[in-house]
Amino acid sequence: MGKVELDIGIDPELLAQAKRLGISVAGMSETQLRLHLQKVDPAGAEERARRWAEENAEAIKALHRFVEEHGAFGDDLRTW
């Protein structure tokens with residue numbers, strides 16, 4: 001009988017990191033796994049965050065430009 005792999009909706013990169021570290025992901029949500037990996041492999045978490053910021057830099061800049069031009073959602077409702 002062959003190995004069965006389930007798509008449990010967790011980022012494949014997180015699953016690969018957990019596998020490299022020998023961490024069982026059974027019963028973990030992606031959020032739980034992410035938090036656990038931050039504790040046991042902070043360098044790996046930092047590297048993922050750096051890559052994410054690099055890959056999304058243009059979208060972040062575009063969002064900042066939009067907010068500068070139009071304001072943030074709900075600005076007109078603030079009382080502070």
# chains A, B, ... in the order shown; residues from 1 in each chain; ligands from 1
$ select_by_dssp --residues "chain A" --states "alpha helix (DSSP H)" --output "ChimeraX atom specification"
/A:12-21,30-40,42-55,57-70
$ residues_around --residues "Arg48 (chain A)" --least-positions-apart "5" --cutoff "10 Å" --atoms "only C-alpha atoms" --output "PyMOL selection string"
chain A and resi 13-14+42-43+53-54
$ closest_residue --among "A:Ile10, A:Leu15, A:Gly71, A:Gly44" --to "Glu30 (chain A)" --atoms "only C-alpha atoms"
A:Ile10
$ residues_around --residues "Gly22 (chain A)" --least-positions-apart "5" --cutoff "12 Å" --atoms "only C-alpha atoms" --output "list of chain:residue names"
A:Leu15, A:Ala16, A:Gln17, A:Leu37, A:Val40, A:Asp41
$ write_last_selection --atoms "all heavy atoms" --output "PDB file, in the first residue's frame"
ATOM      1  N   LEU A  15       5.634  23.088   5.772  1.00  0.00           N
ATOM      2  CA  LEU A  15       5.665  21.629   5.915  1.00  0.00           C
ATOM      3  C   LEU A  15       7.063  21.088   5.663  1.00  0.00           C
ATOM      4  O   LEU A  15       7.540  20.208   6.389  1.00  0.00           O
ATOM      5  CB  LEU A  15       4.663  20.986   4.958  1.00  0.00           C
ATOM      6  CG  LEU A  15       3.192  21.226   5.271  1.00  0.00           C
ATOM      7  CD1 LEU A  15       2.313  20.673   4.159  1.00  0.00           C
ATOM      8  CD2 LEU A  15       2.826  20.637   6.617  1.00  0.00           C
ATOM      9  N   ALA A  16       7.741  21.614   4.648  1.00  0.00           N
ATOM     10  CA  ALA A  16       9.096  21.171   4.336  1.00  0.00           C
ATOM     11  C   ALA A  16      10.048  21.510   5.479  1.00  0.00           C
ATOM     12  O   ALA A  16      10.912  20.694   5.850  1.00  0.00           O
ATOM     13  CB  ALA A  16       9.576  21.807   3.034  1.00  0.00           C
ATOM     14  N   GLN A  17       9.900  22.697   6.052  1.00  0.00           N
ATOM     15  CA  GLN A  17      10.761  23.092   7.169  1.00  0.00           C
ATOM     16  C   GLN A  17      10.515  22.170   8.361  1.00  0.00           C
ATOM     17  O   GLN A  17      11.461  21.713   9.006  1.00  0.00           O
ATOM     18  CB  GLN A  17      10.504  24.550   7.562  1.00  0.00           C
ATOM     19  CG  GLN A  17      11.410  25.044   8.664  1.00  0.00           C
ATOM     20  CD  GLN A  17      11.103  26.481   9.072  1.00  0.00           C
ATOM     21  OE1 GLN A  17      10.162  27.095   8.586  1.00  0.00           O
ATOM     22  NE2 GLN A  17      11.904  27.004   9.970  1.00  0.00           N
ATOM     23  N   LEU A  37       7.399  26.907  14.686  1.00  0.00           N
ATOM     24  CA  LEU A  37       8.649  27.022  13.934  1.00  0.00           C
ATOM     25  C   LEU A  37       9.408  28.295  14.292  1.00  0.00           C
ATOM     26  O   LEU A  37      10.636  28.311  14.282  1.00  0.00           O
ATOM     27  CB  LEU A  37       8.373  26.955  12.430  1.00  0.00           C
ATOM     28  CG  LEU A  37       7.950  25.584  11.907  1.00  0.00           C
ATOM     29  CD1 LEU A  37       7.514  25.672  10.454  1.00  0.00           C
ATOM     30  CD2 LEU A  37       9.053  24.569  12.083  1.00  0.00           C
ATOM     31  N   VAL A  40      11.311  27.243  17.446  1.00  0.00           N
ATOM     32  CA  VAL A  40      12.377  26.241  17.327  1.00  0.00           C
ATOM     33  C   VAL A  40      13.385  26.550  16.228  1.00  0.00           C
ATOM     34  O   VAL A  40      14.485  26.003  16.239  1.00  0.00           O
ATOM     35  CB  VAL A  40      11.812  24.817  17.125  1.00  0.00           C
ATOM     36  CG1 VAL A  40      10.964  24.403  18.311  1.00  0.00           C
ATOM     37  CG2 VAL A  40      11.040  24.691  15.835  1.00  0.00           C
ATOM     38  N   ASP A  41      13.007  27.404  15.270  1.00  0.00           N
ATOM     39  CA  ASP A  41      13.913  27.746  14.166  1.00  0.00           C
ATOM     40  C   ASP A  41      13.738  29.213  13.791  1.00  0.00           C
ATOM     41  O   ASP A  41      13.262  29.537  12.709  1.00  0.00           O
ATOM     42  CB  ASP A  41      13.635  26.837  12.965  1.00  0.00           C
ATOM     43  CG  ASP A  41      14.625  27.038  11.822  1.00  0.00           C
ATOM     44  OD1 ASP A  41      15.724  27.578  12.068  1.00  0.00           O
ATOM     45  OD2 ASP A  41      14.292  26.667  10.677  1.00  0.00           O
TER      46      ASP A  41
END
